[in-house]
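Here's the structure we're looking at; comments come further down.
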Amino acid sequence: KFFFFFSHDLKSPFNSIVGLSDIIKTEAKNLVFSTIEQYAGIIHTTSSNTYRLLENLLDWARLQRSQVLFRPVSVILKNLVNDVIEIMLEKANSKMIAVISYIPDNLIVWADEEMLKTIFRNLISNALKFTPGKGKVEIKSTLMPGEIQIAVSDTGIGITKDDIKKLFRIESNVSKRGTQNEQGTGLGLLICKEFVEKHDGRIWIESEPRQGSNFMFTLKIKE
Ligand code: ADP
């Protein structure tokens, strides 16, 4: 049922990837350079988006089969966040969005590195997707008794109170297109929630339409 649900999302990008790459392969000599560049751009964007969908689908499928091992270690949060930001820079630069991390140098959390990367990847990529050009995405941490509160906030389109209630639930698939019409799956936040809960943490949203969104979650600090 699940793969049937996503079969269109998986198949249709390949129509354009296979079609356009075929044109480039057979017609390159007859095409003007700008057309080749345009086709290559579409192939690149389509395959990057589909790759993200596949990553999410596989994460989700592994989760459902309880094949995801939770292996927490001491993690230097700042380094992990910087690694994730680096992968997102191309997208951020193309929309002229500043991504700023305020995570202090010495903050060590007790977490599964791959899960934590996936959480940040999904939250930062959503923030970039739902923020119009020249906006700002910030990652902050606040020390609380026994835990650390992390916020990924943006200056984007925000979410209505009604939609906030529908998020984090598979049965009410809320998936909107991004400010550049980027397609989504409605899976990213579900995965974030499952991964945060594996860490005994909580995840929630504070948002106002047109004012931006603030995705918050908690993690344990290494004692
Ligand atoms: P996807 O982004 O692939 O649709 P997600 O589960 O990551 O799936 O997000 C579900 C929905 O939540 C999005 O489609 C969007 O409507 C909303 N959303 C998530 N993050 C943000 C954000 N930073 N700003 C505004 N809306 C958001």
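Residue numbers start at 1 in each chain; chains themselves are named A, B, ... in the order of the structure tokens; ligands are numbered from 1 in the order shown.
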
inquiry  = Which residues are near ligand 1 in this structure, taking near to mean any atom at most 6 Å from a ligand atom and counting only C-alpha atoms and all ligand atoms? Format them as a PyMOL selection string.
reply    = chain A and resi 126-127+130+156-159+174-176+184-190+213

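Excluding Trp110 of chain A and any residue on its chain fewer than 2 positions from it, the residues at most 6 Å away by only C-alpha atoms are A:Pro72, A:Val73, A:Ser74, A:Lys220, A:Ile221, A:Lys222.
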
Find the residues of segment 103-169 of chain A that sit at most 12 Å from segment 34-58 of chain A; for each, write down the nearest two atoms and how far apart they are in Å, to one decimal. Count only C-alpha atoms. Sort by chain, then by number going up, and give it as JSON lines.
```
{"residue": "A:Met115", "atom": "CA", "partner": "A:Asn56", "partner_atom": "CA", "distance": 11.7}
{"residue": "A:Thr118", "atom": "CA", "partner": "A:Asn56", "partner_atom": "CA", "distance": 8.8}
{"residue": "A:Ile119", "atom": "CA", "partner": "A:Asn56", "partner_atom": "CA", "distance": 10.8}
{"residue": "A:Arg121", "atom": "CA", "partner": "A:Arg52", "partner_atom": "CA", "distance": 9.7}
{"residue": "A:Asn122", "atom": "CA", "partner": "A:Asn56", "partner_atom": "CA", "distance": 8.9}
{"residue": "A:Ser125", "atom": "CA", "partner": "A:Arg52", "partner_atom": "CA", "distance": 9.8}
{"residue": "A:Asn126", "atom": "CA", "partner": "A:Arg52", "partner_atom": "CA", "distance": 11.6}
{"residue": "A:Lys129", "atom": "CA", "partner": "A:Asn49", "partner_atom": "CA", "distance": 11.4}
```

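With only C-alpha atoms as the atoms that count, the residue of A:Gln211, A:Asn79, A:Asn106, A:Gln183 with the shortest distance to Lys136 of chain A is A:Gln211.
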
Give me the residues within 12 Å of Thr160 of chain A as a CSV table (one decimal) with all heavy atoms, in the first residue's frame, counting only C-alpha atoms and dropping any in the same chain fewer than 3 places off.
```csv
chain,number,residue,atom,x,y,z
A,157,ILE,N,7.0,30.6,5.0
A,157,ILE,CA,5.6,30.8,4.8
A,157,ILE,C,4.8,30.4,6.1
A,157,ILE,O,3.6,30.8,6.2
A,157,ILE,CB,5.0,30.0,3.6
A,157,ILE,CG1,5.3,28.5,3.8
A,157,ILE,CG2,5.7,30.4,2.3
A,157,ILE,CD1,4.6,27.6,2.8
A,163,ASP,N,-3.1,22.9,10.3
A,163,ASP,CA,-2.2,22.0,9.6
A,163,ASP,C,-1.1,21.5,10.6
A,163,ASP,O,-0.7,20.4,10.5
A,163,ASP,CB,-1.4,22.8,8.5
A,163,ASP,CG,-2.3,22.8,7.2
A,163,ASP,OD1,-3.3,22.0,7.2
A,163,ASP,OD2,-2.0,23.5,6.3
A,164,ILE,N,-0.8,22.3,11.6
A,164,ILE,CA,0.2,21.8,12.7
A,164,ILE,C,-0.4,20.6,13.3
A,164,ILE,O,0.3,19.6,13.5
A,164,ILE,CB,0.4,22.9,13.7
A,164,ILE,CG1,1.3,24.0,13.1
A,164,ILE,CG2,1.2,22.3,14.9
A,164,ILE,CD1,1.6,25.2,14.1
A,165,LYS,N,-1.7,20.6,13.6
A,165,LYS,CA,-2.3,19.4,14.2
A,165,LYS,C,-2.2,18.1,13.3
A,165,LYS,O,-2.2,17.0,13.8
A,165,LYS,CB,-3.8,19.7,14.5
A,165,LYS,CG,-4.0,20.5,15.7
A,165,LYS,CD,-5.5,20.6,16.1
A,165,LYS,CE,-5.9,22.0,16.5
A,165,LYS,NZ,-7.2,22.4,16.0
A,166,LYS,N,-2.2,18.4,12.0
A,166,LYS,CA,-2.2,17.2,11.1
A,166,LYS,C,-0.8,16.7,10.9
A,166,LYS,O,-0.6,15.5,10.4
A,166,LYS,CB,-2.8,17.6,9.7
A,166,LYS,CG,-4.2,17.9,9.8
A,166,LYS,CD,-4.7,18.1,8.4
A,166,LYS,CE,-6.0,19.0,8.3
A,166,LYS,NZ,-6.0,19.9,7.2
A,167,LEU,N,0.2,17.4,11.2
A,167,LEU,CA,1.6,17.0,11.0
A,167,LEU,C,2.0,15.8,11.9
A,167,LEU,O,1.3,15.6,12.9
A,167,LEU,CB,2.6,18.1,11.1
A,167,LEU,CG,2.4,19.2,10.1
A,167,LEU,CD1,3.3,20.4,10.3
A,167,LEU,CD2,2.6,18.7,8.7
A,174,VAL,N,0.0,15.6,5.0
A,174,VAL,CA,0.0,17.0,4.6
A,174,VAL,C,1.3,17.2,3.8
A,174,VAL,O,2.4,17.2,4.4
A,174,VAL,CB,0.1,17.9,5.9
A,174,VAL,CG1,0.2,19.4,5.4
A,174,VAL,CG2,-1.0,17.7,6.8
A,205,ILE,N,6.1,22.0,17.1
A,205,ILE,CA,6.2,23.1,16.2
A,205,ILE,C,5.6,24.4,16.7
A,205,ILE,O,4.5,24.3,17.3
A,205,ILE,CB,5.5,22.8,14.9
A,205,ILE,CG1,6.0,21.5,14.3
A,205,ILE,CG2,5.6,23.9,13.8
A,205,ILE,CD1,5.1,20.9,13.2
A,206,GLU,N,6.3,25.5,16.6
A,206,GLU,CA,5.7,26.8,16.8
A,206,GLU,C,5.7,27.5,15.5
A,206,GLU,O,6.8,27.7,14.9
A,206,GLU,CB,6.4,27.5,17.9
A,206,GLU,CG,6.4,26.9,19.3
A,206,GLU,CD,7.5,27.4,20.2
A,206,GLU,OE1,8.2,28.3,19.8
A,206,GLU,OE2,7.5,26.8,21.3
A,207,SER,N,4.5,28.0,15.1
A,207,SER,CA,4.5,28.6,13.8
A,207,SER,C,3.3,29.5,13.6
A,207,SER,O,2.3,29.3,14.2
A,207,SER,CB,4.5,27.6,12.7
A,207,SER,OG,4.6,28.2,11.4
A,208,GLU,N,3.5,30.6,12.8
A,208,GLU,CA,2.4,31.5,12.4
A,208,GLU,C,2.5,31.6,10.9
A,208,GLU,O,3.6,31.8,10.4
A,208,GLU,CB,2.6,32.9,13.0
A,208,GLU,CG,2.4,33.0,14.5
A,208,GLU,CD,1.0,33.0,14.9
A,208,GLU,OE1,0.1,33.3,14.0
A,208,GLU,OE2,0.7,32.6,16.1
A,209,PRO,N,1.3,31.5,10.2
A,209,PRO,CA,1.4,31.7,8.8
A,209,PRO,C,2.1,33.1,8.4
A,209,PRO,O,1.8,34.1,9.1
A,209,PRO,CB,-0.1,31.8,8.4
A,209,PRO,CG,-0.8,31.0,9.4
A,209,PRO,CD,0.0,31.2,10.7
A,210,ARG,N,2.9,33.1,7.5
A,210,ARG,CA,3.7,34.2,7.0
A,210,ARG,C,4.8,34.8,7.9
A,210,ARG,O,5.5,35.7,7.6
A,210,ARG,CB,2.8,35.4,6.5
A,210,ARG,CG,1.9,35.0,5.3
A,210,ARG,CD,1.0,36.1,4.9
A,210,ARG,NE,0.1,36.5,6.0
A,210,ARG,CZ,-1.0,35.8,6.3
A,210,ARG,NH1,-1.4,34.7,5.5
A,210,ARG,NH2,-1.8,36.1,7.3
A,211,GLN,N,4.8,34.2,9.1
A,211,GLN,CA,5.8,34.7,10.1
A,211,GLN,C,7.0,33.7,10.3
A,211,GLN,O,8.0,34.0,10.9
A,211,GLN,CB,5.2,34.8,11.5
A,211,GLN,CG,4.0,35.7,11.6
A,211,GLN,CD,4.3,37.1,11.3
A,211,GLN,OE1,5.2,37.7,11.8
A,211,GLN,NE2,3.6,37.7,10.3
A,212,GLY,N,6.9,32.5,9.6
A,212,GLY,CA,8.0,31.6,9.8
A,212,GLY,C,7.6,30.5,10.7
A,212,GLY,O,6.6,30.5,11.4
A,213,SER,N,8.5,29.5,10.8
A,213,SER,CA,8.3,28.3,11.6
A,213,SER,C,9.5,28.0,12.5
A,213,SER,O,10.6,28.3,12.1
A,213,SER,CB,8.0,27.1,10.8
A,213,SER,OG,7.0,27.3,9.8
```

inquiry  = What parts of segment 99-213 of chain A does DSSP call strand (DSSP E or B)? I'd like the answer as a VMD selection string.
reply    = chain A and resid 99 to 101 108 to 111 136 to 144 147 to 154 203 to 208 212 to 213

Same residues, C-alpha atoms, saved as a PDB file, in the first residue's frame:
```pdb
ATOM      1  CA  VAL A  99      21.797  29.230   7.137  1.00  0.00           C
ATOM      2  CA  ILE A 100      23.333  30.090  10.504  1.00  0.00           C
ATOM      3  CA  SER A 101      24.196  27.686  13.320  1.00  0.00           C
ATOM      4  CA  ILE A 108      28.139  17.146  23.455  1.00  0.00           C
ATOM      5  CA  VAL A 109      24.891  15.210  23.099  1.00  0.00           C
ATOM      6  CA  TRP A 110      24.108  11.516  23.495  1.00  0.00           C
ATOM      7  CA  ALA A 111      22.693  10.477  20.136  1.00  0.00           C
ATOM      8  CA  LYS A 136      17.083  33.096   7.011  1.00  0.00           C
ATOM      9  CA  VAL A 137      17.337  29.654   8.633  1.00  0.00           C
ATOM     10  CA  GLU A 138      18.787  29.434  12.142  1.00  0.00           C
ATOM     11  CA  ILE A 139      19.810  26.461  14.281  1.00  0.00           C
ATOM     12  CA  LYS A 140      20.004  27.112  18.006  1.00  0.00           C
ATOM     13  CA  SER A 141      20.360  25.116  21.202  1.00  0.00           C
ATOM     14  CA  THR A 142      19.174  25.915  24.714  1.00  0.00           C
ATOM     15  CA  LEU A 143      20.376  24.097  27.781  1.00  0.00           C
ATOM     16  CA  MET A 144      17.540  22.871  30.022  1.00  0.00           C
ATOM     17  CA  GLU A 147      18.228  17.946  28.327  1.00  0.00           C
ATOM     18  CA  ILE A 148      19.015  20.187  25.452  1.00  0.00           C
ATOM     19  CA  GLN A 149      16.375  21.909  23.357  1.00  0.00           C
ATOM     20  CA  ILE A 150      17.187  22.380  19.696  1.00  0.00           C
ATOM     21  CA  ALA A 151      15.378  24.743  17.341  1.00  0.00           C
ATOM     22  CA  VAL A 152      15.467  24.930  13.561  1.00  0.00           C
ATOM     23  CA  SER A 153      13.687  28.142  12.658  1.00  0.00           C
ATOM     24  CA  ASP A 154      12.971  29.880   9.380  1.00  0.00           C
ATOM     25  CA  ILE A 203       9.362  17.230  18.852  1.00  0.00           C
ATOM     26  CA  TRP A 204       6.922  20.092  18.319  1.00  0.00           C
ATOM     27  CA  ILE A 205       6.242  23.108  16.162  1.00  0.00           C
ATOM     28  CA  GLU A 206       5.653  26.780  16.836  1.00  0.00           C
ATOM     29  CA  SER A 207       4.524  28.644  13.760  1.00  0.00           C
ATOM     30  CA  GLU A 208       2.399  31.461  12.420  1.00  0.00           C
ATOM     31  CA  GLY A 212       7.996  31.580   9.775  1.00  0.00           C
ATOM     32  CA  SER A 213       8.261  28.287  11.621  1.00  0.00           C
TER      33      SER A 213
END
```
